[in-house]
>>> print(open('final_4.pdb').read())   # PDB, C-alpha atoms
ATOM      1  CA  MET A1408     -52.352  81.681  13.080
ATOM      2  CA  HIS A1409     -55.536  81.278  11.063
ATOM      3  CA  PHE A1410     -56.465  77.773   9.908
ATOM      4  CA  ASN A1411     -58.526  76.602   6.942
ATOM      5  CA  HIS A1412     -60.185  73.304   6.141
ATOM      6  CA  LEU A1413     -58.349  71.337   3.437
ATOM      7  CA  GLY A1414     -60.620  69.851   0.827
ATOM      8  CA  ARG A1415     -62.874  67.110   2.100
ATOM      9  CA  THR A1416     -60.313  65.920   4.651
ATOM     10  CA  ASN A1417     -60.720  66.453   8.374
ATOM     11  CA  TRP A1418     -57.602  68.661   8.429
ATOM     12  CA  ASN A1419     -57.385  72.302   9.414
ATOM     13  CA  VAL A1420     -54.129  73.679   8.030
ATOM     14  CA  SER A1421     -52.267  76.915   8.689
ATOM     15  CA  ALA A1422     -53.102  79.679   6.227
ATOM     16  CA  ILE A1423     -49.403  80.462   5.962
ATOM     17  CA  SER A1424     -47.657  77.136   5.586
ATOM     18  CA  PHE A1425     -44.096  76.166   4.634
ATOM     19  CA  GLY A1426     -42.757  75.296   1.186
ATOM     20  CA  ALA A1427     -39.658  73.124   1.491
ATOM     21  CA  TRP A1428     -38.275  73.339  -2.051
ATOM     22  CA  ALA A1429     -35.623  75.890  -1.090
ATOM     23  CA  ILE A1430     -34.202  73.759   1.731
ATOM     24  CA  GLY A1431     -33.791  70.852  -0.666
ATOM     25  CA  SER A1432     -32.272  72.128  -3.900
ATOM     26  CA  THR A1433     -31.972  74.619  -6.772
ATOM     27  CA  TRP A1434     -32.272  77.775  -4.687
ATOM     28  CA  GLY A1435     -28.563  78.311  -4.146
ATOM     29  CA  PRO A1436     -26.461  77.282  -1.143
ATOM     30  CA  VAL A1437     -28.374  75.991   1.846
ATOM     31  CA  ASN A1438     -27.307  74.953   5.333
ATOM     32  CA  ASP A1439     -29.048  72.091   7.119
ATOM     33  CA  SER A1440     -28.657  73.769  10.494
ATOM     34  CA  ASP A1441     -30.390  76.903   9.221
ATOM     35  CA  SER A1442     -33.019  74.850   7.416
ATOM     36  CA  LEU A1443     -33.929  72.887  10.530
ATOM     37  CA  ALA A1444     -33.984  76.072  12.586
ATOM     38  CA  ALA A1445     -36.420  77.577  10.051
ATOM     39  CA  LEU A1446     -38.624  74.482  10.236
ATOM     40  CA  HIS A1447     -38.641  74.540  14.029
ATOM     41  CA  ARG A1448     -39.422  78.251  14.079
ATOM     42  CA  ALA A1449     -42.318  77.754  11.691
ATOM     43  CA  LEU A1450     -43.734  75.070  13.956
ATOM     44  CA  ASP A1451     -43.242  77.341  16.983
ATOM     45  CA  LEU A1452     -45.334  80.000  15.274
ATOM     46  CA  GLY A1453     -48.250  77.735  14.445
ATOM     47  CA  VAL A1454     -47.460  76.302  11.005
ATOM     48  CA  ASN A1455     -48.812  72.763  10.758
ATOM     49  CA  PHE A1456     -48.520  72.070   7.018
ATOM     50  CA  PHE A1457     -45.250  71.528   5.155
ATOM     51  CA  ASP A1458     -44.972  70.950   1.409
ATOM     52  CA  THR A1459     -42.063  69.087  -0.163
ATOM     53  CA  ALA A1460     -41.267  66.677  -3.018
ATOM     54  CA  ASP A1461     -39.184  63.582  -3.567
ATOM     55  CA  VAL A1462     -36.904  65.425  -6.011
ATOM     56  CA  TYR A1463     -36.058  68.344  -3.734
ATOM     57  CA  GLY A1464     -32.437  67.483  -3.088
ATOM     58  CA  ASP A1465     -33.094  63.877  -4.153
ATOM     59  CA  GLY A1466     -35.173  63.297  -1.035
ATOM     60  CA  HIS A1467     -33.141  65.511   1.300
ATOM     61  CA  SER A1468     -36.015  67.912   1.944
ATOM     62  CA  GLU A1469     -38.245  64.977   2.900
ATOM     63  CA  GLN A1470     -35.526  63.697   5.236
ATOM     64  CA  LEU A1471     -35.259  67.073   6.976
ATOM     65  CA  LEU A1472     -39.001  67.005   7.614
ATOM     66  CA  ALA A1473     -38.685  63.481   9.012
ATOM     67  CA  LYS A1474     -36.052  64.817  11.386
ATOM     68  CA  LEU A1475     -38.368  67.650  12.420
ATOM     69  CA  ARG A1476     -41.131  65.169  13.160
ATOM     70  CA  LYS A1477     -38.740  63.105  15.262
ATOM     71  CA  GLU A1478     -37.585  66.129  17.251
ATOM     72  CA  ARG A1479     -41.022  67.588  17.962
ATOM     73  CA  SER A1480     -44.129  66.239  19.634
ATOM     74  CA  GLU A1481     -46.685  68.539  17.960
ATOM     75  CA  PRO A1482     -48.671  66.930  15.161
ATOM     76  CA  PHE A1483     -48.317  68.410  11.679
ATOM     77  CA  TYR A1484     -48.988  67.414   8.083
ATOM     78  CA  ILE A1485     -46.447  66.736   5.351
ATOM     79  CA  ALA A1486     -47.441  66.903   1.705
ATOM     80  CA  THR A1487     -44.981  65.488  -0.786
ATOM     81  CA  LYS A1488     -44.990  64.936  -4.544
ATOM     82  CA  ALA A1489     -44.118  62.216  -7.026
ATOM     83  CA  GLY A1490     -43.490  61.944 -10.734
ATOM     84  CA  ARG A1491     -40.578  64.205 -11.548
ATOM     85  CA  ARG A1492     -38.068  61.402 -11.042
ATOM     86  CA  LEU A1493     -39.169  60.094 -14.414
ATOM     87  CA  ASN A1494     -36.612  60.512 -17.171
ATOM     88  CA  PRO A1495     -37.991  61.077 -19.692
ATOM     89  CA  HIS A1496     -40.915  62.720 -17.943
ATOM     90  CA  THR A1497     -43.767  61.240 -19.971
ATOM     91  CA  ALA A1498     -47.388  60.340 -19.325
ATOM     92  CA  ALA A1499     -46.579  56.670 -19.913
ATOM     93  CA  GLY A1500     -44.261  56.766 -16.902
ATOM     94  CA  TYR A1501     -47.185  57.363 -14.547
ATOM     95  CA  ASN A1502     -47.819  53.644 -14.111
ATOM     96  CA  LYS A1503     -48.208  51.279 -11.169
ATOM     97  CA  LYS A1504     -44.565  50.207 -11.071
ATOM     98  CA  ASN A1505     -43.149  53.727 -11.050
ATOM     99  CA  LEU A1506     -45.703  55.379  -8.774
ATOM    100  CA  THR A1507     -45.396  52.565  -6.241
ATOM    101  CA  ALA A1508     -41.600  52.864  -6.283
ATOM    102  CA  PHE A1509     -41.755  56.632  -5.819
ATOM    103  CA  VAL A1510     -44.160  56.286  -2.908
ATOM    104  CA  GLU A1511     -42.036  53.619  -1.237
ATOM    105  CA  GLN A1512     -38.960  55.853  -1.470
ATOM    106  CA  SER A1513     -40.836  58.808   0.014
ATOM    107  CA  LEU A1514     -42.143  56.629   2.830
ATOM    108  CA  LYS A1515     -38.540  55.723   3.589
ATOM    109  CA  ASN A1516     -37.342  59.342   3.389
ATOM    110  CA  LEU A1517     -40.177  60.537   5.620
ATOM    111  CA  ASN A1518     -39.786  57.592   7.997
ATOM    112  CA  THR A1519     -43.511  56.963   8.061
ATOM    113  CA  GLU A1520     -45.996  54.223   7.236
ATOM    114  CA  ALA A1521     -48.382  56.473   5.310
ATOM    115  CA  ILE A1522     -47.888  59.724   3.405
ATOM    116  CA  ASP A1523     -50.270  62.432   4.619
ATOM    117  CA  LEU A1524     -50.874  63.942   1.177
ATOM    118  CA  LEU A1525     -49.268  62.819  -2.071
ATOM    119  CA  GLN A1526     -49.454  65.131  -5.072
ATOM    120  CA  LEU A1527     -48.726  64.263  -8.676
ATOM    121  CA  HIS A1528     -45.842  66.584  -9.458
ATOM    122  CA  CYS A1529     -46.839  68.685 -12.471
ATOM    123  CA  PRO A1530     -47.289  65.701 -14.772
ATOM    124  CA  PRO A1531     -47.739  66.032 -18.541
ATOM    125  CA  THR A1532     -51.201  67.318 -19.458
ATOM    126  CA  GLU A1533     -52.142  63.913 -20.896
ATOM    127  CA  VAL A1534     -52.008  62.350 -17.433
ATOM    128  CA  TYR A1535     -55.132  64.230 -16.354
ATOM    129  CA  SER A1536     -57.097  62.389 -19.038
ATOM    130  CA  ARG A1537     -55.977  58.984 -17.772
ATOM    131  CA  PRO A1538     -58.409  57.793 -15.094
ATOM    132  CA  GLU A1539     -56.275  54.713 -14.515
ATOM    133  CA  VAL A1540     -53.574  56.942 -12.962
ATOM    134  CA  PHE A1541     -56.022  58.231 -10.370
ATOM    135  CA  GLY A1542     -57.223  54.672  -9.870
ATOM    136  CA  LEU A1543     -53.656  53.756  -8.920
ATOM    137  CA  LEU A1544     -53.695  56.525  -6.322
ATOM    138  CA  ASP A1545     -56.978  55.168  -4.978
ATOM    139  CA  ASP A1546     -55.273  51.782  -4.652
ATOM    140  CA  LEU A1547     -52.396  53.323  -2.706
ATOM    141  CA  VAL A1548     -54.903  54.926  -0.313
ATOM    142  CA  ARG A1549     -56.701  51.597   0.061
ATOM    143  CA  ASP A1550     -53.367  49.884   0.778
ATOM    144  CA  GLY A1551     -52.582  52.343   3.545
ATOM    145  CA  LYS A1552     -49.638  53.994   1.780
ATOM    146  CA  LEU A1553     -51.397  57.368   1.455
ATOM    147  CA  GLN A1554     -53.993  59.154   3.524
ATOM    148  CA  TYR A1555     -55.030  61.492   0.715
ATOM    149  CA  TYR A1556     -53.861  62.666  -2.673
ATOM    150  CA  GLY A1557     -53.972  65.740  -4.854
ATOM    151  CA  VAL A1558     -52.168  67.309  -7.786
ATOM    152  CA  SER A1559     -49.671  70.051  -8.473
ATOM    153  CA  VAL A1560     -50.378  71.671 -11.828
ATOM    154  CA  GLU A1561     -48.924  74.169 -14.267
ATOM    155  CA  LYS A1562     -52.078  75.137 -16.157
ATOM    156  CA  ILE A1563     -55.649  76.085 -15.363
ATOM    157  CA  ASN A1564     -57.074  73.474 -17.734
ATOM    158  CA  GLU A1565     -55.085  70.788 -15.896
ATOM    159  CA  ALA A1566     -56.505  71.922 -12.576
ATOM    160  CA  LEU A1567     -60.054  71.868 -13.898
ATOM    161  CA  LYS A1568     -59.597  68.382 -15.345
ATOM    162  CA  ALA A1569     -57.967  67.040 -12.188
ATOM    163  CA  ILE A1570     -60.826  67.996  -9.903
ATOM    164  CA  GLU A1571     -63.235  65.948 -11.969
ATOM    165  CA  TYR A1572     -61.735  62.932 -10.170
ATOM    166  CA  PRO A1573     -63.732  62.513  -6.952
ATOM    167  CA  ASN A1574     -60.849  61.768  -4.598
ATOM    168  CA  VAL A1575     -58.566  64.655  -5.552
ATOM    169  CA  GLN A1576     -58.454  66.639  -2.315
ATOM    170  CA  SER A1577     -56.156  69.498  -3.287
ATOM    171  CA  VAL A1578     -54.677  71.402  -6.188
ATOM    172  CA  GLN A1579     -51.361  73.150  -5.842
ATOM    173  CA  ILE A1580     -51.095  75.994  -8.333
ATOM    174  CA  ILE A1581     -48.992  79.098  -8.913
ATOM    175  CA  PHE A1582     -50.947  82.038  -7.543
ATOM    176  CA  ASN A1583     -49.510  85.422  -6.720
ATOM    177  CA  ILE A1584     -49.849  89.084  -7.693
ATOM    178  CA  PHE A1585     -48.177  88.257 -11.017
ATOM    179  CA  ARG A1586     -50.299  85.158 -11.711
ATOM    180  CA  GLN A1587     -53.944  86.044 -11.018
ATOM    181  CA  LYS A1588     -55.680  83.864 -13.613
ATOM    182  CA  PRO A1589     -56.577  81.059 -11.135
ATOM    183  CA  ALA A1590     -58.885  83.459  -9.281
ATOM    184  CA  GLU A1591     -60.723  84.191 -12.532
ATOM    185  CA  ARG A1592     -60.908  80.713 -14.015
ATOM    186  CA  PHE A1593     -60.478  78.079 -11.306
ATOM    187  CA  PHE A1594     -61.312  79.109  -7.755
ATOM    188  CA  ALA A1595     -65.098  79.033  -8.036
ATOM    189  CA  GLU A1596     -65.132  75.488  -9.399
ATOM    190  CA  ALA A1597     -62.664  74.289  -6.770
ATOM    191  CA  LYS A1598     -64.898  75.768  -4.080
ATOM    192  CA  ARG A1599     -67.954  74.106  -5.587
ATOM    193  CA  ARG A1600     -66.250  70.740  -5.511
ATOM    194  CA  LYS A1601     -64.738  71.366  -2.044
ATOM    195  CA  VAL A1602     -61.158  71.028  -3.256
ATOM    196  CA  GLY A1603     -58.324  72.658  -1.325
ATOM    197  CA  ILE A1604     -56.090  75.205  -3.037
ATOM    198  CA  LEU A1605     -52.389  75.426  -2.167
ATOM    199  CA  ALA A1606     -50.862  78.645  -3.518
ATOM    200  CA  ARG A1607     -47.272  78.013  -4.507
ATOM    201  CA  LEU A1608     -44.615  80.533  -5.591
ATOM    202  CA  PRO A1609     -46.530  83.134  -3.565
ATOM    203  CA  LEU A1610     -43.562  85.512  -3.726
ATOM    204  CA  SER A1611     -42.783  84.837  -7.403
ATOM    205  CA  SER A1612     -39.398  83.230  -6.702
ATOM    206  CA  GLY A1613     -38.583  86.015  -4.248
ATOM    207  CA  MET A1614     -39.271  88.847  -6.692
ATOM    208  CA  LEU A1615     -42.190  90.022  -4.555
ATOM    209  CA  SER A1616     -39.852  90.521  -1.615
ATOM    210  CA  GLY A1617     -38.866  93.745  -3.386
ATOM    211  CA  LYS A1618     -35.180  93.044  -2.733
ATOM    212  CA  PHE A1619     -33.909  92.357  -6.254
ATOM    213  CA  THR A1620     -32.379  94.839  -8.690
ATOM    214  CA  ARG A1621     -31.157  94.746 -12.284
ATOM    215  CA  THR A1622     -27.698  93.852 -10.981
ATOM    216  CA  SER A1623     -28.774  91.060  -8.613
ATOM    217  CA  THR A1624     -27.006  87.763  -9.270
ATOM    218  CA  PHE A1625     -27.920  84.189  -8.380
ATOM    219  CA  HIS A1626     -25.768  81.155  -7.605
ATOM    220  CA  LYS A1627     -25.142  78.806 -10.516
ATOM    221  CA  ASP A1628     -27.150  76.114  -8.700
ATOM    222  CA  ASP A1629     -30.139  78.443  -8.291
ATOM    223  CA  HIS A1630     -32.951  77.919 -10.814
ATOM    224  CA  ARG A1631     -33.378  81.688 -10.922
ATOM    225  CA  ALA A1632     -30.049  81.721 -12.750
ATOM    226  CA  PHE A1633     -30.538  78.770 -15.105
ATOM    227  CA  ASN A1634     -34.284  78.368 -15.768
ATOM    228  CA  ARG A1635     -35.559  81.812 -16.737
ATOM    229  CA  ASN A1636     -36.524  80.577 -20.186
ATOM    230  CA  GLY A1637     -37.594  77.084 -19.146
ATOM    231  CA  GLU A1638     -34.264  75.416 -19.825
ATOM    232  CA  GLU A1639     -34.740  72.772 -17.103
ATOM    233  CA  PHE A1640     -38.463  72.762 -16.269
ATOM    234  CA  ASP A1641     -41.552  74.847 -16.910
ATOM    235  CA  LYS A1642     -40.649  78.504 -17.373
ATOM    236  CA  GLY A1643     -43.590  79.498 -15.185
ATOM    237  CA  GLU A1644     -41.849  78.081 -12.116
ATOM    238  CA  THR A1645     -39.184  80.817 -12.238
ATOM    239  CA  PHE A1646     -40.339  84.376 -11.520
ATOM    240  CA  SER A1647     -43.851  83.187 -12.479
ATOM    241  CA  GLY A1648     -42.742  83.075 -16.124
ATOM    242  CA  LEU A1649     -42.545  86.870 -16.235
ATOM    243  CA  ASP A1650     -39.474  88.544 -17.701
ATOM    244  CA  TYR A1651     -37.060  89.579 -14.951
ATOM    245  CA  ASN A1652     -36.895  93.241 -15.937
ATOM    246  CA  VAL A1653     -40.661  93.493 -16.409
ATOM    247  CA  SER A1654     -41.037  92.004 -12.916
ATOM    248  CA  LEU A1655     -38.760  94.700 -11.520
ATOM    249  CA  GLU A1656     -40.924  97.382 -13.117
ATOM    250  CA  ALA A1657     -44.025  95.811 -11.588
ATOM    251  CA  VAL A1658     -42.363  95.697  -8.177
ATOM    252  CA  GLU A1659     -41.715  99.424  -8.349
ATOM    253  CA  ALA A1660     -45.408  99.965  -9.085
ATOM    254  CA  ILE A1661     -46.286  97.885  -6.011
ATOM    255  CA  ARG A1662     -43.808  99.512  -3.652
ATOM    256  CA  PRO A1663     -45.969 102.584  -2.834
ATOM    257  CA  LEU A1664     -48.846 100.260  -1.925
ATOM    258  CA  VAL A1665     -46.988  98.517   0.927
ATOM    259  CA  PRO A1666     -48.583  99.600   4.240
ATOM    260  CA  LYS A1667     -46.344 101.227   6.812
ATOM    261  CA  GLY A1668     -44.627  98.638   8.968
ATOM    262  CA  TRP A1669     -45.150  95.826   6.449
ATOM    263  CA  THR A1670     -42.652  94.258   4.081
ATOM    264  CA  MET A1671     -43.522  93.780   0.441
ATOM    265  CA  ALA A1672     -43.409  90.011   0.985
ATOM    266  CA  GLN A1673     -46.046  90.362   3.690
ATOM    267  CA  LEU A1674     -48.212  92.427   1.365
ATOM    268  CA  ALA A1675     -47.915  89.734  -1.309
ATOM    269  CA  LEU A1676     -48.840  86.965   1.123
ATOM    270  CA  ARG A1677     -51.715  88.917   2.668
ATOM    271  CA  TRP A1678     -53.044  89.578  -0.850
ATOM    272  CA  ILE A1679     -53.275  85.816  -1.438
ATOM    273  CA  LEU A1680     -55.172  85.294   1.808
ATOM    274  CA  MET A1681     -57.791  87.807   0.674
ATOM    275  CA  PHE A1682     -59.125  85.015  -1.563
ATOM    276  CA  GLN A1683     -61.252  82.816   0.683
ATOM    277  CA  GLU A1684     -61.001  79.852  -1.693
ATOM    278  CA  VAL A1685     -57.272  79.548  -0.945
ATOM    279  CA  THR A1686     -56.535  77.006   1.772
ATOM    280  CA  CYS A1687     -52.975  78.138   2.341
ATOM    281  CA  ALA A1688     -49.989  79.912   0.823
ATOM    282  CA  ILE A1689     -46.723  77.993   0.959
ATOM    283  CA  PRO A1690     -43.780  80.403   0.922
ATOM    284  CA  GLY A1691     -40.337  78.935   1.352
ATOM    285  CA  ALA A1692     -37.734  79.860   3.951
ATOM    286  CA  LYS A1693     -34.114  78.883   4.405
ATOM    287  CA  ARG A1694     -33.605  80.710   7.703
ATOM    288  CA  PRO A1695     -35.729  81.351  10.825
ATOM    289  CA  ASN A1696     -36.064  85.090  10.207
ATOM    290  CA  GLN A1697     -37.520  84.418   6.752
ATOM    291  CA  ALA A1698     -40.062  82.031   8.253
ATOM    292  CA  GLU A1699     -41.013  84.628  10.867
ATOM    293  CA  GLU A1700     -41.530  87.364   8.262
ATOM    294  CA  ASN A1701     -43.721  85.098   6.149
ATOM    295  CA  ILE A1702     -45.830  83.841   9.024
ATOM    296  CA  LYS A1703     -46.497  87.320  10.381
ATOM    297  CA  ALA A1704     -48.448  88.035   7.179
ATOM    298  CA  GLY A1705     -51.155  85.668   8.394
ATOM    299  CA  SER A1706     -52.016  87.929  11.322
ATOM    300  CA  LEU A1707     -51.990  91.248   9.449
ATOM    301  CA  PRO A1708     -55.286  93.061   8.801
ATOM    302  CA  PRO A1709     -57.097  92.663   5.475
ATOM    303  CA  LEU A1710     -56.101  94.849   2.552
ATOM    304  CA  ASP A1711     -58.551  97.584   1.680
ATOM    305  CA  GLY A1712     -60.520  97.634  -1.548
ATOM    306  CA  GLU A1713     -58.450 100.408  -3.113
ATOM    307  CA  THR A1714     -55.197  98.486  -2.579
ATOM    308  CA  MET A1715     -56.735  95.338  -4.052
ATOM    309  CA  LYS A1716     -57.897  97.363  -7.065
ATOM    310  CA  LYS A1717     -54.449  98.849  -7.623
ATOM    311  CA  LEU A1718     -52.765  95.429  -7.364
ATOM    312  CA  LYS A1719     -55.146  94.168 -10.025
ATOM    313  CA  GLU A1720     -54.123  97.119 -12.183
ATOM    314  CA  VAL A1721     -50.457  96.197 -11.701
ATOM    315  CA  TYR A1722     -51.254  92.700 -12.941
ATOM    316  CA  ASP A1723     -53.241  93.987 -15.904
ATOM    317  CA  SER A1724     -50.512  96.415 -16.920
ATOM    318  CA  PHE A1725     -47.346  94.389 -16.374
ATOM    319  CA  ALA A1726     -48.129  90.668 -16.151
ATOM    320  CA  ARG A1727     -51.364  89.858 -17.973
ATOM    321  CA  PRO A1728     -50.013  90.496 -21.490
ATOM    322  CA  HIS A1729     -47.121  88.085 -20.875
ATOM    323  CA  VAL A1730     -48.481  85.253 -18.721
ATOM    324  CA  HIS A1731     -52.264  85.154 -18.681
ATOM    325  CA  GLU A1732     -52.837  82.995 -21.746
ATOM    326  CA  LEU A1733     -49.828  80.724 -21.253
ATOM    327  CA  TRP A1734     -50.882  78.974 -18.052
TER     328      TRP A1734
END
>>> encode(input="final_4.pdb", output="structure tokens")
Amino acid sequence: MHFNHLGRTNWNVSAISFGAWAIGSTWGPVNDSDSLAALHRALDLGVNFFDTADVYGDGHSEQLLAKLRKERSEPFYIATKAGRRLNPHTAAGYNKKNLTAFVEQSLKNLNTEAIDLLQLHCPPTEVYSRPEVFGLLDDLVRDGKLQYYGVSVEKINEALKAIEYPNVQSVQIIFNIFRQKPAERFFAEAKRRKVGILARLPLSSGMLSGKFTRTSTFHKDDHRAFNRNGEEFDKGETFSGLDYNVSLEAVEAIRPLVPKGWTMAQLALRWILMFQEVTCAIPGAKRPNQAEENIKAGSLPPLDGETMKKLKEVYDSFARPHVHELW
């Protein structure tokens, strides 16, 4: 496993890490036994960074990670998120009372005295122009409730605004073959400010596994069935905001580029790691074999220049016209 320095912390985190949204909620049926086995397998294979949120299964994902920490002796980092419990989800809700309550609940779920990394969970754009919110996070660090904090964002302009605050250590952002704008508009500034980049949705909600077809169906509790047009949360969180059928066409253009012996998912993950500004990719896994496939991508050789060029052409042809200016 390759490790990268996260922001201005003293942490070195696994380049392929573990996103724990799927083991919490809204990705269809999930089994705790399988979920824990996937977490253990990831740790076996060198993963030392796990990303979750307080709303993934109403804290269940956090609780599974607490169980993992109890069952294993190896040290690892847990990043969680706060803010999406707000209803309505407004900028005004990001106040001392609410943020403190969210943090206290996560501390309980994680069974810890201090959260390793807390991220604001895709707050309204207005929040990034409220320095008092980041002052509250500074207070929580000072009080020993957090070690560090960062943000999870939807839009490039939010990411750029967030890293103006001196203690933001990381930005979690959608970055994959279908969402390449961050590399053009954000990465250089994040590097200049020594801010870590966590690439979420690296497989575009599973589309970049190459396993879906026009007749694929999803469980009614799976956001890939009920959020394609942003019915429940930002449209960009489901298949990167790209139309399902357009995504399938793009996948077919990618398929000939997959090196022999690789899966398409591994190609997609290795593509992300070609960008040195990225600290880690955080693919999800609900079963041990999925974790193994993802993690293997971290030890595969670099992609050649011609493949990188052709993957950029896929983006320009299929995704750019639909997603580039929206996020």
>>> resolve_selection(input="final_4.pdb", expression="the PyMOL selection byres ((chain A and resi 1567) around 12)", output="NGL selection string")
:A and (1532 or 1535-1536 or 1558-1566 or 1568-1572 or 1575 or 1577-1580 or 1589 or 1592-1600 or 1602)
>>> closest_atom_pairs(input="final_4.pdb", of="region 1550-1640 of chain A", to="region 1428-1452 of chain A", cutoff="8 Å", atoms="all atoms listed in the file", output="CSV")
residue,atom,partner,partner_atom,distance
A:Phe1625,CA,A:Gly1435,CA,7.3
A:His1626,CA,A:Gly1435,CA,5.3
A:Lys1627,CA,A:Gly1435,CA,7.2
A:Asp1628,CA,A:Gly1435,CA,5.2
A:Asp1629,CA,A:Trp1434,CA,4.2
A:His1630,CA,A:Thr1433,CA,5.3
A:Arg1631,CA,A:Trp1434,CA,7.4
>>> resolve_selection(input="final_4.pdb", expression="the PyMOL selection byres ((chain A and resi 1507) around 12)", output="mmCIF file with C-alpha atoms, in the frame of the given file")
data_model
loop_
_atom_site.group_PDB
_atom_site.id
_atom_site.type_symbol
_atom_site.label_atom_id
_atom_site.label_comp_id
_atom_site.auth_asym_id
_atom_site.auth_seq_id
_atom_site.Cartn_x
_atom_site.Cartn_y
_atom_site.Cartn_z
ATOM 1 C CA ALA A 1489 -44.118 62.216 -7.026
ATOM 2 C CA GLY A 1490 -43.490 61.944 -10.734
ATOM 3 C CA GLY A 1500 -44.261 56.766 -16.902
ATOM 4 C CA TYR A 1501 -47.185 57.363 -14.547
ATOM 5 C CA ASN A 1502 -47.819 53.644 -14.111
ATOM 6 C CA LYS A 1503 -48.208 51.279 -11.169
ATOM 7 C CA LYS A 1504 -44.565 50.207 -11.071
ATOM 8 C CA ASN A 1505 -43.149 53.727 -11.050
ATOM 9 C CA LEU A 1506 -45.703 55.379 -8.774
ATOM 10 C CA ALA A 1508 -41.600 52.864 -6.283
ATOM 11 C CA PHE A 1509 -41.755 56.632 -5.819
ATOM 12 C CA VAL A 1510 -44.160 56.286 -2.908
ATOM 13 C CA GLU A 1511 -42.036 53.619 -1.237
ATOM 14 C CA GLN A 1512 -38.960 55.853 -1.470
ATOM 15 C CA SER A 1513 -40.836 58.808 0.014
ATOM 16 C CA LEU A 1514 -42.143 56.629 2.830
ATOM 17 C CA LEU A 1525 -49.268 62.819 -2.071
ATOM 18 C CA VAL A 1540 -53.574 56.942 -12.962
ATOM 19 C CA LEU A 1543 -53.656 53.756 -8.920
ATOM 20 C CA LEU A 1544 -53.695 56.525 -6.322
ATOM 21 C CA ASP A 1545 -56.978 55.168 -4.978
ATOM 22 C CA ASP A 1546 -55.273 51.782 -4.652
ATOM 23 C CA LEU A 1547 -52.396 53.323 -2.706
ATOM 24 C CA VAL A 1548 -54.903 54.926 -0.313
ATOM 25 C CA ASP A 1550 -53.367 49.884 0.778
ATOM 26 C CA LYS A 1552 -49.638 53.994 1.780
ATOM 27 C CA LEU A 1553 -51.397 57.368 1.455
#
>>> atom_distance(input="final_4.pdb", atom1="CA of Glu1520 (chain A)", atom2="CA of Asn1574 (chain A)")
20.4 Å
>>> atom_distance(input="final_4.pdb", atom1="CA of Pro1728 (chain A)", atom2="CA of Leu1649 (chain A)")
9.8 Å
>>> atom_distance(input="final_4.pdb", atom1="CA of Phe1457 (chain A)", atom2="CA of Lys1642 (chain A)")
24.0 Å
>>> residues_around(input="final_4.pdb", residues="Gln1683 (chain A)", least_positions_apart="2", cutoff="12 Å", atoms="all atoms listed in the file", output="PyMOL selection string")
chain A and resi 1409-1412+1422+1590+1594-1595+1597-1598+1603-1606+1677-1681+1685-1688+1709
>>> closest_residue(input="final_4.pdb", among="A:Glu1713, A:Glu1639, A:Glu1720, A:Asp1523", to="Gln1554 (chain A)", atoms="all atoms listed in the file")
A:Asp1523
>>> closest_residue(input="final_4.pdb", among="A:Leu1493, A:Val1653, A:Val1665, A:Leu1674", to="Lys1703 (chain A)", atoms="all atoms listed in the file")
A:Leu1674
>>> resolve_selection(input="final_4.pdb", expression="the PyMOL selection byres ((chain A and resi 1462) around 8)", output="number ranges by chain")
A: 1460-1461, 1463-1466, 1489, 1491-1492
>>> residues_around(input="final_4.pdb", residues="Leu1608 (chain A)", least_positions_apart="6", cutoff="9 Å", atoms="all atoms listed in the file", output="list of chain:residue names")
A:Gly1426, A:Ile1580, A:Ile1581, A:Phe1582, A:Asn1583, A:Glu1644, A:Thr1645, A:Phe1646, A:Ser1647, A:Ala1688, A:Ile1689, A:Pro1690, A:Gly1691
>>> residues_around(input="final_4.pdb", residues="Arg1662 (chain A)", least_positions_apart="4", cutoff="8 Å", atoms="all atoms listed in the file", output="list in words")
Gly1617, Val1658 and Met1671 of chain A
>>> closest_residue(input="final_4.pdb", among="A:Ala1473, A:Ala1672, A:Leu1655, A:Leu1664", to="Gly1613 (chain A)", atoms="only C-alpha atoms")
A:Ala1672
>>> closest_residue(input="final_4.pdb", among="A:Pro1695, A:Pro1663, A:Gly1648, A:Pro1538", to="Lys1717 (chain A)", atoms="only C-alpha atoms")
A:Pro1663
>>> axis_aligned_box(input="final_4.pdb", around="region 1503-1512 of chain A", padding_each_side="5 Å", output="AutoDock Vina command-line options")
--center_x -43.6 --center_y 53.4 --center_z -6.2 --size_x 19.2 --size_y 16.4 --size_z 19.9
>>> closest_residue(input="final_4.pdb", among="A:Thr1620, A:Thr1416, A:Ser1421, A:Gln1470", to="Ser1706 (chain A)", atoms="only C-alpha atoms")
A:Ser1421
>>> closest_residue(input="final_4.pdb", among="A:Ser1654, A:Ser1623, A:Thr1670, A:Asn1701", to="Ser1724 (chain A)", atoms="only C-alpha atoms")
A:Ser1654
